[in-house]
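Colleague: Hey, dropping my_file_19.pdb in here, PDB, C-alpha atoms and all ligand atoms:
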MODEL        1
ATOM      1  CA  MET V   1     143.990 -34.591   9.792  1.00  0.00           C
ATOM      2  CA  SER V   2     142.259 -31.338  10.607  1.00  0.00           C
ATOM      3  CA  GLU V   3     141.654 -29.772  13.998  1.00  0.00           C
ATOM      4  CA  ALA V   4     139.473 -31.997  16.243  1.00  0.00           C
ATOM      5  CA  GLY V   5     141.420 -34.968  14.872  1.00  0.00           C
ATOM      6  CA  ARG V   6     138.905 -35.541  12.084  1.00  0.00           C
ATOM      7  CA  LEU V   7     140.041 -37.365   8.967  1.00  0.00           C
ATOM      8  CA  THR V   8     139.796 -34.800   6.248  1.00  0.00           C
ATOM      9  CA  ASP V   9     142.354 -35.934   3.686  1.00  0.00           C
ATOM     10  CA  GLU V  10     141.147 -35.887   0.098  1.00  0.00           C
ATOM     11  CA  LYS V  11     141.240 -39.626  -0.491  1.00  0.00           C
ATOM     12  CA  THR V  12     139.213 -40.425   2.621  1.00  0.00           C
ATOM     13  CA  LEU V  13     136.657 -37.711   1.920  1.00  0.00           C
ATOM     14  CA  ALA V  14     136.287 -38.997  -1.649  1.00  0.00           C
ATOM     15  CA  ALA V  15     135.647 -42.512  -0.291  1.00  0.00           C
ATOM     16  CA  THR V  16     133.129 -41.349   2.305  1.00  0.00           C
ATOM     17  CA  GLY V  17     131.319 -38.933   0.011  1.00  0.00           C
ATOM     18  CA  GLY V  18     132.465 -36.007   2.118  1.00  0.00           C
ATOM     19  CA  GLN V  19     131.516 -37.396   5.497  1.00  0.00           C
ATOM     20  CA  GLU V  20     134.227 -36.798   8.084  1.00  0.00           C
ATOM     21  CA  LEU V  21     135.396 -39.693  10.197  1.00  0.00           C
ATOM     22  CA  GLU V  22     136.795 -39.125  13.652  1.00  0.00           C
ATOM     23  CA  ARG V  23     140.061 -41.014  14.022  1.00  0.00           C
ATOM     24  CA  VAL V  24     141.838 -44.036  12.644  1.00  0.00           C
ATOM     25  CA  VAL V  25     141.962 -46.776  15.269  1.00  0.00           C
ATOM     26  CA  TYR V  26     143.791 -49.435  13.206  1.00  0.00           C
ATOM     27  CA  ASP V  27     145.509 -48.466   9.980  1.00  0.00           C
ATOM     28  CA  ALA V  28     145.794 -50.809   6.998  1.00  0.00           C
ATOM     29  CA  ALA V  29     149.388 -51.845   7.694  1.00  0.00           C
ATOM     30  CA  ARG V  30     148.657 -52.700  11.318  1.00  0.00           C
ATOM     31  CA  ILE V  31     145.604 -54.751  10.347  1.00  0.00           C
ATOM     32  CA  GLN V  32     147.637 -56.596   7.732  1.00  0.00           C
ATOM     33  CA  ARG V  33     150.397 -57.476  10.203  1.00  0.00           C
ATOM     34  CA  ARG V  34     147.866 -58.781  12.701  1.00  0.00           C
ATOM     35  CA  VAL V  35     145.983 -60.788  10.075  1.00  0.00           C
ATOM     36  CA  GLU V  36     149.271 -62.451   9.053  1.00  0.00           C
ATOM     37  CA  GLU V  37     149.860 -63.448  12.686  1.00  0.00           C
ATOM     38  CA  MET V  38     146.335 -64.796  13.018  1.00  0.00           C
ATOM     39  CA  GLY V  39     146.653 -66.827   9.818  1.00  0.00           C
ATOM     40  CA  ALA V  40     149.916 -68.296  11.105  1.00  0.00           C
ATOM     41  CA  ALA V  41     148.319 -69.141  14.476  1.00  0.00           C
ATOM     42  CA  ILE V  42     145.386 -70.893  12.785  1.00  0.00           C
ATOM     43  CA  SER V  43     147.782 -72.821  10.531  1.00  0.00           C
ATOM     44  CA  GLU V  44     149.737 -74.005  13.573  1.00  0.00           C
ATOM     45  CA  HIS V  45     146.647 -74.995  15.535  1.00  0.00           C
ATOM     46  CA  TYR V  46     145.323 -77.633  13.141  1.00  0.00           C
ATOM     47  CA  PRO V  47     146.954 -80.862  11.988  1.00  0.00           C
ATOM     48  CA  ALA V  48     147.849 -81.122   8.302  1.00  0.00           C
ATOM     49  CA  ASP V  49     144.897 -83.483   7.701  1.00  0.00           C
ATOM     50  CA  ALA V  50     142.259 -81.221   9.298  1.00  0.00           C
ATOM     51  CA  ASP V  51     139.032 -80.845   7.352  1.00  0.00           C
ATOM     52  CA  LEU V  52     139.131 -77.097   7.619  1.00  0.00           C
ATOM     53  CA  LEU V  53     136.159 -74.933   6.689  1.00  0.00           C
ATOM     54  CA  VAL V  54     136.404 -71.197   7.177  1.00  0.00           C
ATOM     55  CA  LEU V  55     132.880 -69.913   7.625  1.00  0.00           C
ATOM     56  CA  GLY V  56     132.561 -66.169   7.246  1.00  0.00           C
ATOM     57  CA  LEU V  57     129.718 -64.236   8.779  1.00  0.00           C
ATOM     58  CA  LEU V  58     128.489 -61.766   6.223  1.00  0.00           C
ATOM     59  CA  LYS V  59     128.541 -59.058   5.583  1.00  0.00           C
ATOM     60  CA  GLY V  60     131.008 -57.672   8.096  1.00  0.00           C
ATOM     61  CA  SER V  61     133.704 -60.338   7.727  1.00  0.00           C
ATOM     62  CA  PHE V  62     134.127 -60.247   3.950  1.00  0.00           C
ATOM     63  CA  ILE V  63     137.371 -58.278   3.804  1.00  0.00           C
ATOM     64  CA  PHE V  64     138.900 -59.842   6.916  1.00  0.00           C
ATOM     65  CA  LEU V  65     138.094 -63.343   5.670  1.00  0.00           C
ATOM     66  CA  ALA V  66     139.555 -62.642   2.236  1.00  0.00           C
ATOM     67  CA  ASP V  67     142.820 -61.484   3.792  1.00  0.00           C
ATOM     68  CA  LEU V  68     142.857 -64.179   6.489  1.00  0.00           C
ATOM     69  CA  VAL V  69     142.441 -67.241   4.262  1.00  0.00           C
ATOM     70  CA  ARG V  70     145.397 -66.079   2.170  1.00  0.00           C
ATOM     71  CA  GLN V  71     147.519 -66.355   5.312  1.00  0.00           C
ATOM     72  CA  ILE V  72     146.459 -69.921   6.119  1.00  0.00           C
ATOM     73  CA  SER V  73     149.004 -72.492   4.977  1.00  0.00           C
ATOM     74  CA  LEU V  74     146.730 -75.544   5.126  1.00  0.00           C
ATOM     75  CA  PRO V  75     144.103 -76.899   2.744  1.00  0.00           C
ATOM     76  CA  VAL V  76     140.966 -74.905   3.469  1.00  0.00           C
ATOM     77  CA  GLN V  77     137.486 -74.444   2.084  1.00  0.00           C
ATOM     78  CA  VAL V  78     135.387 -71.307   2.430  1.00  0.00           C
ATOM     79  CA  ASP V  79     131.686 -70.695   2.871  1.00  0.00           C
ATOM     80  CA  PHE V  80     129.532 -67.995   4.356  1.00  0.00           C
ATOM     81  CA  LEU V  81     126.621 -67.427   6.691  1.00  0.00           C
ATOM     82  CA  VAL V  82     124.415 -64.378   6.455  1.00  0.00           C
ATOM     83  CA  VAL V  83     122.770 -63.130   9.605  1.00  0.00           C
ATOM     84  CA  SER V  84     121.686 -59.687  10.568  1.00  0.00           C
ATOM     85  CA  SER V  85     120.855 -58.154  13.895  1.00  0.00           C
ATOM     86  CA  TYR V  86     121.519 -54.427  13.580  1.00  0.00           C
ATOM     87  CA  GLY V  87     119.340 -53.309  10.678  1.00  0.00           C
ATOM     88  CA  LEU V  88     120.144 -49.711   9.853  1.00  0.00           C
ATOM     89  CA  GLY V  89     120.667 -48.501  13.422  1.00  0.00           C
ATOM     90  CA  THR V  90     123.781 -48.524  15.583  1.00  0.00           C
ATOM     91  CA  THR V  91     122.590 -50.580  18.534  1.00  0.00           C
ATOM     92  CA  THR V  92     121.770 -54.259  18.595  1.00  0.00           C
ATOM     93  CA  THR V  93     118.129 -55.253  18.411  1.00  0.00           C
ATOM     94  CA  GLY V  94     118.953 -58.503  20.185  1.00  0.00           C
ATOM     95  CA  GLU V  95     117.428 -60.446  17.332  1.00  0.00           C
ATOM     96  CA  VAL V  96     119.520 -62.485  14.907  1.00  0.00           C
ATOM     97  CA  LYS V  97     117.988 -63.440  11.589  1.00  0.00           C
ATOM     98  CA  THR V  98     119.562 -66.186   9.472  1.00  0.00           C
ATOM     99  CA  LEU V  99     119.322 -65.084   5.855  1.00  0.00           C
ATOM    100  CA  TYR V 100     121.674 -67.616   4.257  1.00  0.00           C
ATOM    101  CA  ASP V 101     122.811 -70.974   5.550  1.00  0.00           C
ATOM    102  CA  PRO V 102     125.977 -72.560   4.114  1.00  0.00           C
ATOM    103  CA  SER V 103     125.403 -74.987   1.288  1.00  0.00           C
ATOM    104  CA  THR V 104     128.563 -76.926   2.252  1.00  0.00           C
ATOM    105  CA  PRO V 105     127.912 -79.955   4.516  1.00  0.00           C
ATOM    106  CA  LEU V 106     129.171 -79.126   8.011  1.00  0.00           C
ATOM    107  CA  GLN V 107     129.129 -82.562   9.624  1.00  0.00           C
ATOM    108  CA  GLY V 108     132.589 -83.621  10.808  1.00  0.00           C
ATOM    109  CA  ARG V 109     134.233 -80.413   9.556  1.00  0.00           C
ATOM    110  CA  ASP V 110     136.740 -78.354  11.529  1.00  0.00           C
ATOM    111  CA  VAL V 111     134.920 -75.043  11.341  1.00  0.00           C
ATOM    112  CA  VAL V 112     136.522 -71.667  11.953  1.00  0.00           C
ATOM    113  CA  LEU V 113     133.748 -69.131  12.306  1.00  0.00           C
ATOM    114  CA  VAL V 114     135.077 -65.761  11.176  1.00  0.00           C
ATOM    115  CA  GLU V 115     133.549 -62.604  12.612  1.00  0.00           C
ATOM    116  CA  ASP V 116     134.578 -58.984  12.131  1.00  0.00           C
ATOM    117  CA  ILE V 117     133.566 -57.888  15.630  1.00  0.00           C
ATOM    118  CA  VAL V 118     132.159 -59.347  18.821  1.00  0.00           C
ATOM    119  CA  ASP V 119     130.148 -56.595  20.495  1.00  0.00           C
ATOM    120  CA  SER V 120     127.208 -57.596  22.727  1.00  0.00           C
ATOM    121  CA  GLY V 121     127.810 -61.253  21.868  1.00  0.00           C
ATOM    122  CA  THR V 122     124.210 -61.741  20.727  1.00  0.00           C
ATOM    123  CA  THR V 123     125.201 -62.922  17.261  1.00  0.00           C
ATOM    124  CA  MET V 124     127.739 -65.464  18.525  1.00  0.00           C
ATOM    125  CA  ASN V 125     125.456 -66.730  21.273  1.00  0.00           C
ATOM    126  CA  GLU V 126     122.707 -67.420  18.758  1.00  0.00           C
ATOM    127  CA  LEU V 127     124.955 -68.968  16.143  1.00  0.00           C
ATOM    128  CA  VAL V 128     127.295 -71.164  18.154  1.00  0.00           C
ATOM    129  CA  PRO V 129     124.614 -73.476  19.653  1.00  0.00           C
ATOM    130  CA  ALA V 130     122.951 -73.740  16.239  1.00  0.00           C
ATOM    131  CA  LEU V 131     126.263 -74.759  14.651  1.00  0.00           C
ATOM    132  CA  LEU V 132     127.126 -77.192  17.432  1.00  0.00           C
ATOM    133  CA  ASP V 133     123.798 -78.928  16.772  1.00  0.00           C
ATOM    134  CA  ARG V 134     125.130 -79.808  13.342  1.00  0.00           C
ATOM    135  CA  ASP V 135     127.635 -82.385  14.487  1.00  0.00           C
ATOM    136  CA  LEU V 136     130.812 -80.518  13.526  1.00  0.00           C
ATOM    137  CA  GLY V 137     134.252 -82.056  13.986  1.00  0.00           C
ATOM    138  CA  SER V 138     135.290 -78.927  15.910  1.00  0.00           C
ATOM    139  CA  LEU V 139     134.347 -75.278  16.184  1.00  0.00           C
ATOM    140  CA  GLU V 140     136.530 -72.252  16.886  1.00  0.00           C
ATOM    141  CA  ILE V 141     135.854 -68.551  16.487  1.00  0.00           C
ATOM    142  CA  CYS V 142     138.259 -66.100  14.914  1.00  0.00           C
ATOM    143  CA  ALA V 143     137.267 -62.463  15.468  1.00  0.00           C
ATOM    144  CA  LEU V 144     139.203 -59.474  14.211  1.00  0.00           C
ATOM    145  CA  LEU V 145     137.809 -57.241  16.954  1.00  0.00           C
ATOM    146  CA  HIS V 146     136.455 -57.970  20.416  1.00  0.00           C
ATOM    147  CA  LYS V 147     134.940 -55.184  22.489  1.00  0.00           C
ATOM    148  CA  ARG V 148     135.119 -57.311  25.675  1.00  0.00           C
ATOM    149  CA  VAL V 149     131.641 -56.267  26.743  1.00  0.00           C
ATOM    150  CA  ALA V 150     129.981 -59.666  26.286  1.00  0.00           C
ATOM    151  CA  GLU V 151     130.233 -61.419  29.643  1.00  0.00           C
ATOM    152  CA  ASP V 152     128.552 -64.706  28.892  1.00  0.00           C
ATOM    153  CA  LEU V 153     129.783 -65.871  25.518  1.00  0.00           C
ATOM    154  CA  VAL V 154     128.863 -69.479  24.807  1.00  0.00           C
ATOM    155  CA  LEU V 155     132.294 -69.844  23.161  1.00  0.00           C
ATOM    156  CA  GLU V 156     135.136 -67.314  23.499  1.00  0.00           C
ATOM    157  CA  PRO V 157     137.001 -66.679  20.245  1.00  0.00           C
ATOM    158  CA  ARG V 158     140.263 -68.617  20.197  1.00  0.00           C
ATOM    159  CA  TRP V 159     141.817 -65.975  17.948  1.00  0.00           C
ATOM    160  CA  VAL V 160     141.222 -62.235  18.415  1.00  0.00           C
ATOM    161  CA  GLY V 161     142.932 -59.536  16.360  1.00  0.00           C
ATOM    162  CA  PHE V 162     142.463 -56.584  18.675  1.00  0.00           C
ATOM    163  CA  ASP V 163     140.610 -55.733  21.883  1.00  0.00           C
ATOM    164  CA  ALA V 164     138.603 -52.889  20.404  1.00  0.00           C
ATOM    165  CA  PRO V 165     137.545 -49.622  22.007  1.00  0.00           C
ATOM    166  CA  ARG V 166     133.877 -49.412  22.958  1.00  0.00           C
ATOM    167  CA  GLU V 167     133.104 -46.934  20.220  1.00  0.00           C
ATOM    168  CA  PHE V 168     131.286 -47.211  16.924  1.00  0.00           C
ATOM    169  CA  LEU V 169     133.795 -48.510  14.401  1.00  0.00           C
ATOM    170  CA  VAL V 170     133.667 -48.497  10.609  1.00  0.00           C
ATOM    171  CA  GLY V 171     135.863 -49.691   7.760  1.00  0.00           C
ATOM    172  CA  TYR V 172     137.554 -52.964   6.738  1.00  0.00           C
ATOM    173  CA  GLY V 173     134.110 -54.577   6.443  1.00  0.00           C
ATOM    174  CA  LEU V 174     132.376 -52.748   9.290  1.00  0.00           C
ATOM    175  CA  ASP V 175     129.556 -50.413   8.341  1.00  0.00           C
ATOM    176  CA  HIS V 176     127.359 -47.651   9.549  1.00  0.00           C
ATOM    177  CA  ALA V 177     123.992 -47.956   7.797  1.00  0.00           C
ATOM    178  CA  GLU V 178     125.812 -50.001   5.099  1.00  0.00           C
ATOM    179  CA  ASP V 179     128.376 -47.255   4.392  1.00  0.00           C
ATOM    180  CA  PHE V 180     132.160 -47.312   4.914  1.00  0.00           C
ATOM    181  CA  ARG V 181     132.729 -51.071   4.578  1.00  0.00           C
ATOM    182  CA  HIS V 182     135.266 -50.474   1.798  1.00  0.00           C
ATOM    183  CA  LEU V 183     137.665 -48.294   3.785  1.00  0.00           C
ATOM    184  CA  PRO V 184     141.057 -50.054   4.132  1.00  0.00           C
ATOM    185  CA  PHE V 185     141.423 -48.950   7.777  1.00  0.00           C
ATOM    186  CA  ILE V 186     139.178 -49.019  10.862  1.00  0.00           C
ATOM    187  CA  ALA V 187     138.013 -45.670  12.209  1.00  0.00           C
ATOM    188  CA  THR V 188     135.528 -44.157  14.595  1.00  0.00           C
ATOM    189  CA  ILE V 189     132.775 -41.867  13.385  1.00  0.00           C
ATOM    190  CA  PRO V 190     131.714 -38.711  15.242  1.00  0.00           C
ATOM    191  CA  GLU V 191     129.342 -39.601  18.051  1.00  0.00           C
ATOM    192  CA  GLU V 192     126.627 -37.305  16.758  1.00  0.00           C
ATOM    193  CA  ASP V 193     126.511 -39.378  13.535  1.00  0.00           C
ATOM    194  CA  THR V 194     125.658 -42.553  15.453  1.00  0.00           C
ATOM    195  CA  GLU V 195     122.599 -41.082  17.169  1.00  0.00           C
TER     196      GLU V 195
HETATM  197  C1  LIG J 201     127.537 -56.869  13.229  1.00  0.00           C
HETATM  198  C2  LIG J 201     128.910 -57.491  13.164  1.00  0.00           C
HETATM  199  C3  LIG J 201     128.751 -58.733  13.982  1.00  0.00           C
HETATM  200  C4  LIG J 201     127.709 -58.361  15.004  1.00  0.00           C
HETATM  201  C5  LIG J 201     128.366 -58.126  16.329  1.00  0.00           C
HETATM  202  O1  LIG J 201     126.762 -57.485  12.251  1.00  0.00           O
HETATM  203  O2  LIG J 201     129.301 -57.758  11.839  1.00  0.00           O
HETATM  204  O3  LIG J 201     128.294 -59.807  13.196  1.00  0.00           O
HETATM  205  O4  LIG J 201     127.076 -57.171  14.538  1.00  0.00           O
HETATM  206  O5  LIG J 201     127.469 -57.634  17.281  1.00  0.00           O
HETATM  207  P1  LIG J 201     126.957 -58.448  18.550  1.00  0.00           P
HETATM  208  O6  LIG J 201     128.139 -59.102  19.204  1.00  0.00           O
HETATM  209  O7  LIG J 201     126.382 -57.324  19.392  1.00  0.00           O
HETATM  210  O8  LIG J 201     125.917 -59.418  18.094  1.00  0.00           O
HETATM  211  P2  LIG J 201     125.423 -56.862  11.636  1.00  0.00           P
HETATM  212  O9  LIG J 201     124.262 -57.586  12.203  1.00  0.00           O
HETATM  213  O10 LIG J 201     125.452 -55.368  11.777  1.00  0.00           O
HETATM  214  O11 LIG J 201     125.527 -57.273  10.123  1.00  0.00           O
HETATM  215  P3  LIG J 201     126.704 -57.042   9.057  1.00  0.00           P
HETATM  216  O12 LIG J 201     127.765 -58.086   9.365  1.00  0.00           O
HETATM  217  O13 LIG J 201     126.021 -57.275   7.758  1.00  0.00           O
HETATM  218  O14 LIG J 201     127.252 -55.645   9.214  1.00  0.00           O
ENDMDL
END
Would you write the structure of this file as structure tokens?

Modeller:
Amino acid sequence: MSEAGRLTDEKTLAATGGQELERVVYDAARIQRRVEEMGAAISEHYPADADLLVLGLLKGSFIFLADLVRQISLPVQVDFLVVSSYGLGTTTTGEVKTLYDPSTPLQGRDVVLVEDIVDSGTTMNELVPALLDRDLGSLEICALLHKRVAEDLVLEPRWVGFDAPREFLVGYGLDHAEDFRHLPFIATIPEEDTE
């Protein structure tokens, strides 16, 4: 750490190509502990004969999902959905585009929709009704982060890793203009970089 609390250690700067991050909000060990708890909670929630399908929302959930499913002690299948609402900016456009729809049949399945972060809630509020139209057995949301700004979510996540600060977060799957997804921790970036 340098003055101003910026992350300036060599390894981080190598990973960001020299761009300074502001502060670590959740370090890798803390995320891992929480993901273990969430995997255990999901495993306890469903009966042993559940027809469990973990559906990850790409791209943001790819690291979280990979860690989470390894903590689920039930038979589980995995598929993905690709939607995008943010483009290259930092604020939501309010428009959710479906770019890939799961090839797995969804009818009758116990679906756990996995999201890296619930921010304005736009993505969830578009997706949940569309999924419910597909005659699922059940639907629950598992979100690593929840900013608690969305007031009218169609379905509140049953499992939330952390109530996140209302700042721009990167790392562990979360990006800024497609950068920083590979960082093993979650950090804020300087405000001037989000403008
Ligand atoms: C981000 C994030 C969530 C969504 C949350 O996705 O991964 O899916 O925004 O924001 P909301 O609650 O305001 O809708 P993004 O569209 O940036 O795509 P990405 O997952 O590929 O990063």

Colleague: Tell me, counting all atoms listed in the file, for each residue of range 31-57 of chain V within 12 Å of range 157-177 of chain V, which pair of atoms is nearest and how far apart they are in Å to one decimal, in rows ordered by chain and increasing number, as a tab-separated table.

Modeller:
residue	atom	partner	partner_atom	distance
V:Ile31	CA	V:Gly161	CA	8.1
V:Gln32	CA	V:Gly161	CA	10.3
V:Arg33	CA	V:Gly161	CA	9.9
V:Arg34	CA	V:Gly161	CA	6.2
V:Val35	CA	V:Gly161	CA	7.1
V:Glu36	CA	V:Gly161	CA	10.1
V:Glu37	CA	V:Gly161	CA	8.8
V:Met38	CA	V:Trp159	CA	6.8
V:Gly39	CA	V:Trp159	CA	9.5
V:Ala40	CA	V:Trp159	CA	10.9
V:Ala41	CA	V:Trp159	CA	8.0
V:Ile42	CA	V:Trp159	CA	8.0
V:Ser43	CA	V:Trp159	CA	11.7
V:His45	CA	V:Arg158	CA	10.2
V:Gly56	CA	V:Gly173	CA	11.7
V:Leu57	CA	V:Gly173	CA	10.9

Colleague: Between V:Pro184, V:Gly121, V:Pro129, V:Gly18, which has the minimum distance to ligand LIG 201 (chain J) (counting all atoms listed in the file)?

Modeller: V:Gly121

Colleague: Identify, on the basis of all atoms listed in the file, every residue whose closest approach to range 79-83 of chain V does not exceed 12 Å; exclude the query and any residue fewer than 4 positions from it along the same chain; express the result as number ranges by chain.

Modeller: V: 52-62, 65-66, 69, 87, 95-106, 111-115, 122-124, 126-127, 131

Colleague: Pull C-alpha atoms from the residues just selected and write them as a CSV table (one decimal), in the frame of the given file.

Modeller:
chain,number,residue,atom,x,y,z
V,52,LEU,CA,139.1,-77.1,7.6
V,53,LEU,CA,136.2,-74.9,6.7
V,54,VAL,CA,136.4,-71.2,7.2
V,55,LEU,CA,132.9,-69.9,7.6
V,56,GLY,CA,132.6,-66.2,7.2
V,57,LEU,CA,129.7,-64.2,8.8
V,58,LEU,CA,128.5,-61.8,6.2
V,59,LYS,CA,128.5,-59.1,5.6
V,60,GLY,CA,131.0,-57.7,8.1
V,61,SER,CA,133.7,-60.3,7.7
V,62,PHE,CA,134.1,-60.2,4.0
V,65,LEU,CA,138.1,-63.3,5.7
V,66,ALA,CA,139.6,-62.6,2.2
V,69,VAL,CA,142.4,-67.2,4.3
V,87,GLY,CA,119.3,-53.3,10.7
V,95,GLU,CA,117.4,-60.4,17.3
V,96,VAL,CA,119.5,-62.5,14.9
V,97,LYS,CA,118.0,-63.4,11.6
V,98,THR,CA,119.6,-66.2,9.5
V,99,LEU,CA,119.3,-65.1,5.9
V,100,TYR,CA,121.7,-67.6,4.3
V,101,ASP,CA,122.8,-71.0,5.6
V,102,PRO,CA,126.0,-72.6,4.1
V,103,SER,CA,125.4,-75.0,1.3
V,104,THR,CA,128.6,-76.9,2.3
V,105,PRO,CA,127.9,-80.0,4.5
V,106,LEU,CA,129.2,-79.1,8.0
V,111,VAL,CA,134.9,-75.0,11.3
V,112,VAL,CA,136.5,-71.7,12.0
V,113,LEU,CA,133.7,-69.1,12.3
V,114,VAL,CA,135.1,-65.8,11.2
V,115,GLU,CA,133.5,-62.6,12.6
V,122,THR,CA,124.2,-61.7,20.7
V,123,THR,CA,125.2,-62.9,17.3
V,124,MET,CA,127.7,-65.5,18.5
V,126,GLU,CA,122.7,-67.4,18.8
V,127,LEU,CA,125.0,-69.0,16.1
V,131,LEU,CA,126.3,-74.8,14.7

Colleague: Any idea what the distance is between CA of Asp119 in chain V and atom C1 of ligand LIG 201 (chain J)?

Modeller: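 These atoms are spaced 7.7 Å apart.
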
Colleague: Can you tell me how far CA of Ile117 in chain V sits from CA of Ile63 in chain V, in Å to one decimal?

Modeller: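 CA of Ile63 in chain V lies at a distance of 12.4 Å from CA of Ile117 in chain V.
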
Colleague: With distances taken over all atoms listed in the file, which residue among V:Leu136, V:Ala15, V:Val76, V:Ala28 lies nearest Arg181 in chain V?

Modeller: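 With all atoms listed in the file as the atom set, the closest residue is V:Ala15.
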
Colleague: From the set V:Ser73, V:Ser120, V:Gln107, V:Thr188, which residue has the shortest atom-to-atom contact distance to Leu139 in chain V, counting all atoms listed in the file?

Modeller: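 Ranking V:Ser73, V:Ser120, V:Gln107, V:Thr188 by distance to Leu139 in chain V, first place goes to V:Gln107.
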
Colleague: Kindly give the distance, in Å, that separates CA of Thr194 in chain V and CA of Phe180 in chain V, rounded to a single decimal.

Modeller: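 Pair CA of Thr194 in chain V / CA of Phe180 in chain V returns 13.3 Å.
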
Colleague: Pick the closest to ligand LIG 201 (chain J) from V:Asp179, V:Asp135, V:Val118, V:Leu145: which is it, counting all atoms listed in the file?

Modeller: V:Val118

Colleague: Would you mind telling me which residue in V:Glu156, V:Glu191, V:Leu183, V:Ile141 lies nearest to Gly17 in chain V when using only C-alpha atoms?

Modeller: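 Among the listed residues, the smallest separation from Gly17 in chain V belongs to V:Leu183.
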
Colleague: Give the centre and edge lengths of an axis-aligned box, in Å to one decimal, that holds all listed atoms of ligand LIG 201 (chain J) with 4 Å on each side, as JSON.

Modeller:
{"center_x": 126.8, "center_y": -57.6, "center_z": 13.6, "size_x": 13.0, "size_y": 12.4, "size_z": 19.6}

Colleague: Counting all atoms listed in the file, figure out which residue out of V:Arg70, V:Arg23, V:Arg148, V:Arg30 gets nearest to Ile189 in chain V.

Modeller: V:Arg23
